[in-house]
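**Q** Sending over a structure as structure tokens; questions will come in a sec.
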Amino acid sequence: MTGSQINRRELLGAGVATAAALGIADTAMGEGAMLAPGVARTDLAAALAAFRGVVGAEWVAGDAASVVPWTGSYVPDPGGHHAPVGAVCPASVEEVQAILKIANQYRQPLWPVSTGKNMGYGRTTTAAPGQVVLDLKRMNRIISVDPVLCTALVEPGVTYQQLRDYLDENAIPLWIDVPTVGPIVGPVGNTLDRGVGYTPYGEHFMVQCGMEVVLANGDILKTGMGSTKNPSAWQAFKWGYGPYLDGIFTQSNFGVVTKMGLWLMPAPPVYKPLVIRHRHVEDVSRIVDAMRPLRIANIVPNVVLMMSAGYQLAMFHRRGEVWNGAGPVPDEAFGSFAAAHDLGMWNTYIALYGTPAMVAESERIIRGAFAAIDGEVMTEEQMHGNPWFHHHATLMRGGLSLEEVGLARWKGAGGGLAWFAPVAPALGSETLGQIALAKDILARHGFDYTSAFAIGSRELHHIIALLFDKSDPEEERRADACYRDLVEGFGERGWASYRTGVQAMDLVAQQYGATNRAVNAAIKQALDPNHILAPGKSGIA
Ligand SMILES: Cc1cc2nc3c(=O)[nH]c(=O)nc-3n(C[C@H](O)[C@H](O)[C@H](O)COP(=O)(O)OP(=O)(O)OC[C@H]3O[C@@H](n4cnc5c(N)ncnc54)[C@H](O)[C@@H]3O)c2cc1C
């Protein structure tokens, strides 16, 4: 087992003082903050005091100054309803159990996070007011890695960087699969929010295997094979016996996940990244139809990203470099700036993995399919020195990079970013209507269309980055209204989101129907009758 001691300064970020250091008395805890319904200020203060008894005073934040590391986010929150009122950082499963007992006693809701970097979805801010973040970053042991079965079992605070370093230090030839912000985030939090990466193991919940969950009453559930007499297949066989439970702990508030198994990919003998460039916005429809059969047949084995020129440019450039005119950036401005940087209007990134013969044959088929729709298939050698190609080639082999965070500076240092992620079947006919609708809504609120499409398997994700200046209160209000219009406008056409930020969780839940909500509510009532775990997550109270 391996983990690393995290000191409080690292956890909180440099320069943030504790309540004690600032001379703020305990009585100030939670003062001025919005409380959870039914929780008195004295209950919050008593809960925080009891948390200190469990984890030590330095691991509890509850006053306005010390809670700052948990209150910021990129998403719009013009009313300030999503900031937590405190944070508690346990170091063990036993401490998690003790904290849950206290939370039940005072009815004080907790918002569990793992590495707590859910950027563009709310980071550690909460769906409903008055919650204390249950920050699991200190639980950061890599419990096991099995180089034969290619599996790992990790705690919530483990980052992808930590896992990568462990594999390298132990010369284990396995790849990890990372989201775009891999170094600072981790497999547990990402998988629980059903996040994605870009190797053949990119659908993270698909390659998750076995969980340990602390339920609201303190009981410990091990899913799959984890509770049998010989749990050696815990990370090998996902389904166990009877109803499959792991799913109900993703995008939910039914338990606190304290361990998770995942599958790792053997490093392939050959890795060949490619980009396919297209010149026109309308080409996206043909790209999806050409890609779908290749993806379903696994000839293209990884999650496919079709990056628009706008999204690509926003990664490494500021808006003023691309466009200074009135209104949203026009396609022509994006297109010409992109062309000058060796990019197309659409840049479709895929990669091939396997033996030389397998890769060569797949490449032959792919080249044929895209030649038929005027796609320019470009190799690493041809794109040498191109920072966008380098970035995606890194991601598609599970490499670690933080370059894409530059997106949040498109409109300036204010850093506003909210992901809008509606889902459709992977059909070209779904694309152009979505683009027209998105552009219309974004333009009405004064925002640019900076988007990508992704094909996971048979589904198409339209990943729209709503980029705004969060330091401008008027723009933040507009971004909030715009996001709601996007959810509602797309929802009316049957394009509901697969994931959303804390500012819109109930709105999205409404689009999945009354029966769905009633079932979630019944499970919640059964597992967490005092509603102390993350009320409001995914619209579940
Ligand atoms: C530029 C940029 C690019 C991004 N690219 C990607 C991408 O490619 N793919 C992608 O998926 N995301 C992406 N993201 C979004 C996000 O940053 C990542 O998904 C990130 O992995 C989530 O943060 P985390 O891993 O720290 O999870 P956390 O913030 O720890 O967890 C996410 C949520 O899961 C729940 N949760 C977490 N841990 C627990 C637990 N132990 N028990 C119960 N519930 C829990 C909570 O509701 C929590 O809010 C991107 C963000 C930015 C800004």
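Going by the structure tokens order, chains are called A, B, ..., each with residues numbered from 1, while ligands are numbered from 1 in the order shown.
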Tell me, as number ranges by chain, which residues lie within 12 Å of Pro529 in chain A, counting only C-alpha atoms; anything in the same chain fewer than 3 positions away does not count.
**A** A: 104, 107, 109, 215-217, 253-254, 521-526, 532-533, 535, 541
**Q** Using only C-alpha atoms and all ligand atoms, which residues of chain A come within 7 Å of ligand 1, and what is the closest atom pair for each, with the distance in Å to one decimal? Give it as JSON lines, sorted by chain and residue number.
**A**
{"residue": "A:Trp111", "atom": "CA", "partner": "ligand 1", "partner_atom_place_in_ligand_line": "46 (C)", "distance": 6.8}
{"residue": "A:Pro112", "atom": "CA", "partner": "ligand 1", "partner_atom_place_in_ligand_line": "45 (C)", "distance": 5.0}
{"residue": "A:Val113", "atom": "CA", "partner": "ligand 1", "partner_atom_place_in_ligand_line": "38 (N)", "distance": 3.8}
{"residue": "A:Ser114", "atom": "CA", "partner": "ligand 1", "partner_atom_place_in_ligand_line": "30 (O)", "distance": 3.4}
{"residue": "A:Thr115", "atom": "CA", "partner": "ligand 1", "partner_atom_place_in_ligand_line": "26 (O)", "distance": 3.8}
{"residue": "A:Gly116", "atom": "CA", "partner": "ligand 1", "partner_atom_place_in_ligand_line": "29 (O)", "distance": 3.3}
{"residue": "A:Lys117", "atom": "CA", "partner": "ligand 1", "partner_atom_place_in_ligand_line": "26 (O)", "distance": 3.4}
{"residue": "A:Asn118", "atom": "CA", "partner": "ligand 1", "partner_atom_place_in_ligand_line": "23 (O)", "distance": 3.4}
{"residue": "A:Met119", "atom": "CA", "partner": "ligand 1", "partner_atom_place_in_ligand_line": "17 (O)", "distance": 4.0}
{"residue": "A:Gly120", "atom": "CA", "partner": "ligand 1", "partner_atom_place_in_ligand_line": "53 (C)", "distance": 5.3}
{"residue": "A:Tyr121", "atom": "CA", "partner": "ligand 1", "partner_atom_place_in_ligand_line": "15 (C)", "distance": 6.7}
{"residue": "A:Arg123", "atom": "CA", "partner": "ligand 1", "partner_atom_place_in_ligand_line": "29 (O)", "distance": 5.4}
{"residue": "A:Thr124", "atom": "CA", "partner": "ligand 1", "partner_atom_place_in_ligand_line": "49 (O)", "distance": 6.0}
{"residue": "A:Leu136", "atom": "CA", "partner": "ligand 1", "partner_atom_place_in_ligand_line": "41 (N)", "distance": 6.7}
{"residue": "A:Pro156", "atom": "CA", "partner": "ligand 1", "partner_atom_place_in_ligand_line": "41 (N)", "distance": 5.5}
{"residue": "A:Pro179", "atom": "CA", "partner": "ligand 1", "partner_atom_place_in_ligand_line": "8 (O)", "distance": 3.7}
{"residue": "A:Thr180", "atom": "CA", "partner": "ligand 1", "partner_atom_place_in_ligand_line": "8 (O)", "distance": 3.9}
{"residue": "A:Val181", "atom": "CA", "partner": "ligand 1", "partner_atom_place_in_ligand_line": "4 (C)", "distance": 5.4}
{"residue": "A:Gly182", "atom": "CA", "partner": "ligand 1", "partner_atom_place_in_ligand_line": "21 (O)", "distance": 7.0}
{"residue": "A:Val185", "atom": "CA", "partner": "ligand 1", "partner_atom_place_in_ligand_line": "25 (O)", "distance": 4.1}
{"residue": "A:Gly186", "atom": "CA", "partner": "ligand 1", "partner_atom_place_in_ligand_line": "25 (O)", "distance": 4.4}
{"residue": "A:Pro187", "atom": "CA", "partner": "ligand 1", "partner_atom_place_in_ligand_line": "25 (O)", "distance": 6.2}
{"residue": "A:Val188", "atom": "CA", "partner": "ligand 1", "partner_atom_place_in_ligand_line": "38 (N)", "distance": 6.1}
{"residue": "A:Gly189", "atom": "CA", "partner": "ligand 1", "partner_atom_place_in_ligand_line": "27 (O)", "distance": 3.3}
{"residue": "A:Asn190", "atom": "CA", "partner": "ligand 1", "partner_atom_place_in_ligand_line": "25 (O)", "distance": 3.9}
{"residue": "A:Leu192", "atom": "CA", "partner": "ligand 1", "partner_atom_place_in_ligand_line": "34 (O)", "distance": 5.0}
{"residue": "A:Asp193", "atom": "CA", "partner": "ligand 1", "partner_atom_place_in_ligand_line": "34 (O)", "distance": 4.6}
{"residue": "A:Arg194", "atom": "CA", "partner": "ligand 1", "partner_atom_place_in_ligand_line": "11 (O)", "distance": 6.7}
{"residue": "A:Gly195", "atom": "CA", "partner": "ligand 1", "partner_atom_place_in_ligand_line": "11 (O)", "distance": 3.0}
{"residue": "A:Val196", "atom": "CA", "partner": "ligand 1", "partner_atom_place_in_ligand_line": "11 (O)", "distance": 4.1}
{"residue": "A:Gly197", "atom": "CA", "partner": "ligand 1", "partner_atom_place_in_ligand_line": "8 (O)", "distance": 5.4}
{"residue": "A:Phe249", "atom": "CA", "partner": "ligand 1", "partner_atom_place_in_ligand_line": "43 (C)", "distance": 6.9}
{"residue": "A:Gln251", "atom": "CA", "partner": "ligand 1", "partner_atom_place_in_ligand_line": "47 (O)", "distance": 6.4}
{"residue": "A:Ser252", "atom": "CA", "partner": "ligand 1", "partner_atom_place_in_ligand_line": "44 (N)", "distance": 6.9}
{"residue": "A:Asn253", "atom": "CA", "partner": "ligand 1", "partner_atom_place_in_ligand_line": "44 (N)", "distance": 6.5}
{"residue": "A:Gly255", "atom": "CA", "partner": "ligand 1", "partner_atom_place_in_ligand_line": "43 (C)", "distance": 5.8}
{"residue": "A:Val256", "atom": "CA", "partner": "ligand 1", "partner_atom_place_in_ligand_line": "42 (N)", "distance": 3.7}
{"residue": "A:Val257", "atom": "CA", "partner": "ligand 1", "partner_atom_place_in_ligand_line": "42 (N)", "distance": 3.9}
{"residue": "A:Thr258", "atom": "CA", "partner": "ligand 1", "partner_atom_place_in_ligand_line": "41 (N)", "distance": 5.6}
{"residue": "A:Glu404", "atom": "CA", "partner": "ligand 1", "partner_atom_place_in_ligand_line": "1 (C)", "distance": 4.5}
{"residue": "A:Val405", "atom": "CA", "partner": "ligand 1", "partner_atom_place_in_ligand_line": "1 (C)", "distance": 3.9}
{"residue": "A:Gly406", "atom": "CA", "partner": "ligand 1", "partner_atom_place_in_ligand_line": "1 (C)", "distance": 6.9}
{"residue": "A:Leu407", "atom": "CA", "partner": "ligand 1", "partner_atom_place_in_ligand_line": "1 (C)", "distance": 6.0}
{"residue": "A:Lys537", "atom": "CA", "partner": "ligand 1", "partner_atom_place_in_ligand_line": "47 (O)", "distance": 6.5}
**Q** Please list as a PyMOL selection string every residue within 8 Å of His81 in chain A, counting only C-alpha atoms and excluding residues in the same chain fewer than 4 positions away.
**A** chain A and resi 34+77+128-129
**Q** Set the distance at 8 Å and use only C-alpha atoms: which residues neighbour range 413-419 of chain A once local chain neighbours fewer than 2 positions away are removed? I'd like the list as a CSV table (one decimal) with all heavy atoms, in the first residue's frame.
**A**
chain,number,residue,atom,x,y,z
A,74,TYR,N,-15.8,27.7,-11.0
A,74,TYR,CA,-15.9,28.4,-12.3
A,74,TYR,C,-17.4,28.7,-12.7
A,74,TYR,O,-17.6,29.4,-13.6
A,74,TYR,CB,-15.3,27.6,-13.4
A,74,TYR,CG,-13.8,27.4,-13.3
A,74,TYR,CD1,-13.2,26.2,-13.9
A,74,TYR,CD2,-12.9,28.4,-12.8
A,74,TYR,CE1,-11.8,26.1,-13.9
A,74,TYR,CE2,-11.6,28.2,-12.8
A,74,TYR,CZ,-11.0,27.0,-13.3
A,74,TYR,OH,-9.6,26.9,-13.3
A,75,VAL,N,-18.3,27.9,-12.1
A,75,VAL,CA,-19.7,28.0,-12.6
A,75,VAL,C,-20.4,29.2,-12.1
A,75,VAL,O,-20.1,29.8,-11.1
A,75,VAL,CB,-20.5,26.7,-12.2
A,75,VAL,CG1,-19.8,25.5,-12.8
A,75,VAL,CG2,-20.8,26.6,-10.7
A,76,PRO,N,-21.4,29.7,-12.8
A,76,PRO,CA,-22.2,30.9,-12.4
A,76,PRO,C,-22.9,30.6,-11.1
A,76,PRO,O,-23.6,29.6,-11.0
A,76,PRO,CB,-23.1,31.2,-13.5
A,76,PRO,CG,-23.2,30.0,-14.4
A,76,PRO,CD,-22.0,29.2,-14.1
A,120,GLY,N,-15.8,23.4,-13.7
A,120,GLY,CA,-16.8,23.5,-14.7
A,120,GLY,C,-18.1,22.9,-14.3
A,120,GLY,O,-19.1,23.0,-15.0
A,121,TYR,N,-18.1,22.1,-13.2
A,121,TYR,CA,-19.4,21.5,-12.7
A,121,TYR,C,-19.6,22.0,-11.2
A,121,TYR,O,-20.5,21.5,-10.6
A,121,TYR,CB,-19.3,20.0,-12.7
A,121,TYR,CG,-19.3,19.4,-14.1
A,121,TYR,CD1,-18.1,18.8,-14.6
A,121,TYR,CD2,-20.4,19.5,-14.9
A,121,TYR,CE1,-18.1,18.3,-15.9
A,121,TYR,CE2,-20.4,18.9,-16.2
A,121,TYR,CZ,-19.2,18.4,-16.7
A,121,TYR,OH,-19.2,17.8,-18.0
A,407,LEU,N,-8.7,27.4,-21.1
A,407,LEU,CA,-10.1,27.7,-21.6
A,407,LEU,C,-10.8,28.8,-20.7
A,407,LEU,O,-11.5,29.7,-21.1
A,407,LEU,CB,-11.0,26.5,-21.5
A,407,LEU,CG,-11.1,25.5,-22.6
A,407,LEU,CD1,-12.0,24.4,-22.2
A,407,LEU,CD2,-11.5,26.1,-23.9
A,408,ALA,N,-10.6,28.6,-19.4
A,408,ALA,CA,-11.3,29.5,-18.4
A,408,ALA,C,-10.8,30.9,-18.4
A,408,ALA,O,-11.3,31.8,-17.8
A,408,ALA,CB,-11.1,28.9,-17.0
A,409,ARG,N,-9.7,31.2,-19.2
A,409,ARG,CA,-9.2,32.6,-19.3
A,409,ARG,C,-9.6,33.2,-20.7
A,409,ARG,O,-9.1,34.3,-21.0
A,409,ARG,CB,-7.7,32.6,-19.1
A,409,ARG,CG,-7.3,32.2,-17.7
A,409,ARG,CD,-5.8,32.6,-17.5
A,409,ARG,NE,-4.9,31.7,-18.3
A,409,ARG,CZ,-4.5,30.5,-17.9
A,409,ARG,NH1,-4.9,30.0,-16.7
A,409,ARG,NH2,-3.7,29.7,-18.7
A,410,TRP,N,-10.4,32.5,-21.5
A,410,TRP,CA,-10.8,33.1,-22.8
A,410,TRP,C,-11.3,34.5,-22.7
A,410,TRP,O,-11.0,35.3,-23.5
A,410,TRP,CB,-11.9,32.1,-23.3
A,410,TRP,CG,-12.6,32.5,-24.6
A,410,TRP,CD1,-13.9,32.8,-24.8
A,410,TRP,CD2,-12.0,32.5,-25.9
A,410,TRP,NE1,-14.1,33.0,-26.1
A,410,TRP,CE2,-13.0,32.9,-26.9
A,410,TRP,CE3,-10.7,32.4,-26.4
A,410,TRP,CZ2,-12.7,33.0,-28.2
A,410,TRP,CZ3,-10.4,32.5,-27.8
A,410,TRP,CH2,-11.5,32.8,-28.7
A,411,LYS,N,-12.1,34.8,-21.7
A,411,LYS,CA,-12.7,36.1,-21.5
A,411,LYS,C,-11.9,36.9,-20.5
A,411,LYS,O,-12.4,38.0,-20.1
A,411,LYS,CB,-14.2,36.0,-21.0
A,411,LYS,CG,-15.1,35.3,-21.9
A,411,LYS,CD,-15.5,36.0,-23.2
A,411,LYS,CE,-16.3,37.3,-23.1
A,411,LYS,NZ,-17.7,37.0,-22.8
A,421,ALA,N,-23.6,19.6,-21.4
A,421,ALA,CA,-23.3,18.4,-22.1
A,421,ALA,C,-24.5,17.5,-22.4
A,421,ALA,O,-24.8,16.5,-21.8
A,421,ALA,CB,-22.3,17.6,-21.1
A,463,ILE,N,-20.3,18.8,-26.3
A,463,ILE,CA,-19.6,19.4,-25.1
A,463,ILE,C,-19.5,20.9,-25.3
A,463,ILE,O,-18.6,21.3,-26.1
A,463,ILE,CB,-18.3,18.7,-24.8
A,463,ILE,CG1,-18.4,17.2,-24.7
A,463,ILE,CG2,-17.7,19.3,-23.5
A,463,ILE,CD1,-17.1,16.5,-24.9
A,464,ILE,N,-20.3,21.7,-24.7
A,464,ILE,CA,-20.3,23.1,-25.0
A,464,ILE,C,-19.7,23.8,-23.7
A,464,ILE,O,-20.2,23.6,-22.6
A,464,ILE,CB,-21.7,23.6,-25.2
A,464,ILE,CG1,-22.2,23.0,-26.5
A,464,ILE,CG2,-21.7,25.2,-25.4
A,464,ILE,CD1,-23.7,23.3,-26.8
A,465,ALA,N,-18.6,24.5,-23.9
A,465,ALA,CA,-17.9,25.2,-22.8
A,465,ALA,C,-18.5,26.6,-22.9
A,465,ALA,O,-18.3,27.4,-23.8
A,465,ALA,CB,-16.4,25.3,-23.1
A,466,LEU,N,-19.4,26.9,-21.9
A,466,LEU,CA,-19.9,28.3,-21.7
A,466,LEU,C,-18.8,29.1,-21.0
A,466,LEU,O,-18.6,28.9,-19.8
A,466,LEU,CB,-21.2,28.3,-20.9
A,466,LEU,CG,-21.8,29.6,-20.5
A,466,LEU,CD1,-22.0,30.5,-21.7
A,466,LEU,CD2,-23.2,29.4,-19.8
A,467,LEU,N,-18.1,30.0,-21.7
A,467,LEU,CA,-17.0,30.7,-21.2
A,467,LEU,C,-17.4,32.1,-20.9
A,467,LEU,O,-17.9,32.8,-21.8
A,467,LEU,CB,-15.8,30.7,-22.2
A,467,LEU,CG,-15.4,29.3,-22.6
A,467,LEU,CD1,-14.3,29.4,-23.7
A,467,LEU,CD2,-14.9,28.5,-21.4
A,468,PHE,N,-17.2,32.6,-19.7
A,468,PHE,CA,-17.6,33.9,-19.3
A,468,PHE,C,-16.6,34.5,-18.3
A,468,PHE,O,-15.7,33.8,-17.8
A,468,PHE,CB,-19.0,33.9,-18.8
A,468,PHE,CG,-19.2,33.1,-17.5
A,468,PHE,CD1,-19.2,33.8,-16.3
A,468,PHE,CD2,-19.3,31.7,-17.5
A,468,PHE,CE1,-19.4,33.0,-15.1
A,468,PHE,CE2,-19.4,31.0,-16.4
A,468,PHE,CZ,-19.4,31.6,-15.1
A,469,ASP,N,-16.8,35.8,-18.0
A,469,ASP,CA,-15.9,36.5,-17.1
A,469,ASP,C,-16.6,36.5,-15.7
A,469,ASP,O,-17.6,37.3,-15.5
A,469,ASP,CB,-15.6,37.9,-17.6
A,469,ASP,CG,-14.7,38.7,-16.6
A,469,ASP,OD1,-14.4,38.1,-15.5
A,469,ASP,OD2,-14.4,39.8,-16.9
A,470,LYS,N,-16.2,35.7,-14.8
A,470,LYS,CA,-16.9,35.5,-13.5
A,470,LYS,C,-16.6,36.7,-12.6
A,470,LYS,O,-17.3,36.9,-11.6
A,470,LYS,CB,-16.4,34.2,-12.9
A,470,LYS,CG,-17.5,33.8,-11.8
A,470,LYS,CD,-17.2,32.4,-11.3
A,470,LYS,CE,-17.7,32.3,-9.9
A,470,LYS,NZ,-18.7,31.3,-9.6
A,471,SER,N,-15.6,37.5,-13.0
A,471,SER,CA,-15.4,38.7,-12.1
A,471,SER,C,-16.3,39.8,-12.4
A,471,SER,O,-16.3,40.9,-11.8
A,471,SER,CB,-13.9,39.2,-12.3
A,471,SER,OG,-13.7,39.7,-13.6
A,472,ASP,N,-17.1,39.7,-13.5
A,472,ASP,CA,-18.1,40.7,-13.9
A,472,ASP,C,-19.5,40.2,-13.4
A,472,ASP,O,-20.1,39.3,-14.1
A,472,ASP,CB,-18.0,40.9,-15.4
A,472,ASP,CG,-19.1,41.9,-15.9
A,472,ASP,OD1,-20.1,42.2,-15.1
A,472,ASP,OD2,-19.0,42.3,-17.1
A,476,GLU,N,-21.8,37.3,-15.1
A,476,GLU,CA,-22.1,36.0,-14.4
A,476,GLU,C,-23.6,35.8,-14.4
A,476,GLU,O,-24.1,34.6,-14.6
A,476,GLU,CB,-21.6,36.1,-12.9
A,476,GLU,CG,-21.8,34.8,-12.2
A,476,GLU,CD,-21.2,34.8,-10.8
A,476,GLU,OE1,-20.8,35.9,-10.3
A,476,GLU,OE2,-21.1,33.7,-10.2
A,483,TYR,N,-27.2,29.4,-19.3
A,483,TYR,CA,-27.0,28.0,-19.0
A,483,TYR,C,-28.4,27.4,-18.9
A,483,TYR,O,-28.7,26.3,-19.4
A,483,TYR,CB,-26.2,27.7,-17.8
A,483,TYR,CG,-25.8,26.3,-17.6
A,483,TYR,CD1,-24.5,25.9,-18.1
A,483,TYR,CD2,-26.6,25.3,-17.1
A,483,TYR,CE1,-24.1,24.5,-18.0
A,483,TYR,CE2,-26.2,24.0,-17.0
A,483,TYR,CZ,-25.0,23.6,-17.4
A,483,TYR,OH,-24.6,22.3,-17.4
A,500,THR,N,-24.2,17.6,-15.1
A,500,THR,CA,-24.3,19.0,-15.0
A,500,THR,C,-23.7,19.6,-13.7
A,500,THR,O,-23.3,18.8,-12.9
A,500,THR,CB,-25.8,19.5,-15.1
A,500,THR,OG1,-25.8,20.9,-15.4
A,500,THR,CG2,-26.6,19.2,-13.9
A,501,GLY,N,-23.6,20.9,-13.7
A,501,GLY,CA,-23.0,21.6,-12.5
A,501,GLY,C,-24.0,21.7,-11.4
A,501,GLY,O,-25.2,21.6,-11.6
**Q** State, in Å with one decimal place, the distance from CA of Pro328 in chain A to CA of Ala436 in chain A.
**A** 13.6 Å
**Q** Excluding range 37-54 of chain A and any residue of its chain fewer than 4 positions from it, enumerate the residues within 12 Å of it, using only C-alpha atoms, and give them as an MDAnalysis selection string.
**A** chainID A and resid 25:33 58:63 84:110 128:134 530:532 535 541
**Q** Residues of range 198-439 of chain A in strand (DSSP E) according to DSSP, as a ChimeraX atom specification?
**A** /A:208-214,220-222,256-263,265-266,270-278,304-308,346-354,376-379,416-420,423-425
**Q** From the options A:Pro387, A:Gly224, A:Gly375, A:Pro268, which residue's atoms come nearest to Tyr241 in chain A, counting only C-alpha atoms?
**A**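 Smallest separation from Tyr241 in chain A among the options: A:Gly224.
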**Q** Any chance you could list, as number ranges by chain, the residues in range 243-466 of chain A that come up helix (DSSP H, G or I) when DSSP is run on the backbone?
**A** A: 246-249, 283-296, 309-316, 319-322, 331-340, 356-371, 387-395, 403-409, 428-444
**Q** Could you turn the residues from that selection into a file that holds C-alpha atoms, as a CSV table (one decimal), in the first residue's frame?
**A**
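Result file is part25.csv:
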chain,number,residue,atom,x,y,z
A,246,ASP,CA,-22.3,0.3,-8.1
A,247,GLY,CA,-24.4,2.4,-10.5
A,248,ILE,CA,-26.5,3.8,-7.7
A,249,PHE,CA,-23.4,5.4,-6.0
A,283,ASP,CA,-18.9,18.7,-42.2
A,284,VAL,CA,-19.6,17.5,-38.7
A,285,SER,CA,-22.6,15.6,-39.8
A,286,ARG,CA,-20.6,13.5,-42.3
A,287,ILE,CA,-17.8,13.0,-39.7
A,288,VAL,CA,-20.2,11.5,-37.2
A,289,ASP,CA,-21.7,9.2,-39.8
A,290,ALA,CA,-18.3,8.1,-41.0
A,291,MET,CA,-17.0,7.6,-37.5
A,292,ARG,CA,-20.0,5.7,-35.9
A,293,PRO,CA,-19.5,2.3,-37.7
A,294,LEU,CA,-15.7,2.5,-37.1
A,295,ARG,CA,-16.3,3.2,-33.4
A,296,ILE,CA,-19.0,0.5,-32.9
A,309,ALA,CA,-11.9,25.5,-34.1
A,310,GLY,CA,-13.4,27.7,-31.4
A,311,TYR,CA,-12.7,25.2,-28.6
A,312,GLN,CA,-9.2,24.6,-29.8
A,313,LEU,CA,-8.3,28.3,-30.0
A,314,ALA,CA,-9.8,29.0,-26.6
A,315,MET,CA,-7.4,26.5,-25.1
A,316,PHE,CA,-4.3,28.5,-26.0
A,319,ARG,CA,-10.5,36.0,-27.2
A,320,GLY,CA,-9.1,39.4,-28.1
A,321,GLU,CA,-6.4,37.8,-30.2
A,322,VAL,CA,-9.1,36.1,-32.4
A,331,ASP,CA,-17.2,31.1,-37.7
A,332,GLU,CA,-15.1,32.9,-40.4
A,333,ALA,CA,-12.9,34.5,-37.7
A,334,PHE,CA,-12.5,31.1,-35.9
A,335,GLY,CA,-11.9,29.4,-39.2
A,336,SER,CA,-9.2,31.7,-40.6
A,337,PHE,CA,-7.3,31.9,-37.2
A,338,ALA,CA,-7.4,28.1,-37.0
A,339,ALA,CA,-6.2,27.7,-40.5
A,340,ALA,CA,-3.2,29.9,-39.8
A,356,PRO,CA,2.2,-3.0,-36.2
A,357,ALA,CA,0.0,-5.1,-38.5
A,358,MET,CA,-3.2,-4.3,-36.5
A,359,VAL,CA,-2.5,-0.6,-36.5
A,360,ALA,CA,-1.6,-0.6,-40.3
A,361,GLU,CA,-4.8,-2.4,-41.2
A,362,SER,CA,-7.0,-0.1,-39.1
A,363,GLU,CA,-5.3,3.0,-40.5
A,364,ARG,CA,-6.0,1.7,-44.0
A,365,ILE,CA,-9.7,1.3,-43.3
A,366,ILE,CA,-9.9,4.7,-41.6
A,367,ARG,CA,-8.1,6.5,-44.4
A,368,GLY,CA,-10.6,5.0,-46.8
A,369,ALA,CA,-13.6,6.1,-44.8
A,370,PHE,CA,-12.4,9.7,-44.4
A,371,ALA,CA,-11.0,10.2,-47.9
A,387,PRO,CA,0.6,22.2,-29.7
A,388,TRP,CA,-3.0,21.1,-30.2
A,389,PHE,CA,-1.9,17.8,-31.7
A,390,HIS,CA,0.7,17.3,-29.0
A,391,HIS,CA,-2.0,17.9,-26.3
A,392,HIS,CA,-4.4,15.4,-27.7
A,393,ALA,CA,-1.7,12.8,-28.5
A,394,THR,CA,-0.7,13.1,-24.9
A,395,LEU,CA,-4.3,12.5,-23.7
A,403,GLU,CA,-3.0,22.9,-20.6
A,404,GLU,CA,-6.7,22.9,-21.3
A,405,VAL,CA,-7.5,24.9,-18.1
A,406,GLY,CA,-6.5,27.9,-20.3
A,407,LEU,CA,-10.1,27.7,-21.6
A,408,ALA,CA,-11.3,29.5,-18.4
A,409,ARG,CA,-9.2,32.6,-19.3
A,428,GLY,CA,-24.9,13.0,-38.2
A,429,SER,CA,-28.5,14.1,-38.4
A,430,GLU,CA,-28.4,15.2,-34.8
A,431,THR,CA,-25.5,17.6,-35.2
A,432,LEU,CA,-26.5,20.7,-37.2
A,433,GLY,CA,-29.8,21.3,-35.4
A,434,GLN,CA,-27.9,21.2,-32.1
A,435,ILE,CA,-25.3,23.7,-33.4
A,436,ALA,CA,-27.9,26.1,-34.6
A,437,LEU,CA,-29.8,25.9,-31.4
A,438,ALA,CA,-26.7,26.4,-29.2
A,439,LYS,CA,-25.4,29.3,-31.3
A,440,ASP,CA,-28.8,31.0,-31.1
A,441,ILE,CA,-29.1,30.7,-27.3
A,442,LEU,CA,-25.4,31.6,-26.7
A,443,ALA,CA,-25.6,34.6,-29.0
A,444,ARG,CA,-28.8,35.9,-27.3
**Q** Rounded to one decimal in Å, what is the spacing between CA of Asn170 in chain A and CA of Val213 in chain A?
**A** 28.7 Å
**Q** Could you tell me which of A:Ser227, A:Asn302, A:Ser457, A:Ser401 comes closest to Thr199 in chain A if we count only C-alpha atoms?
**A**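 Residue with the minimum atom-to-atom distance to Thr199 in chain A: A:Asn302.
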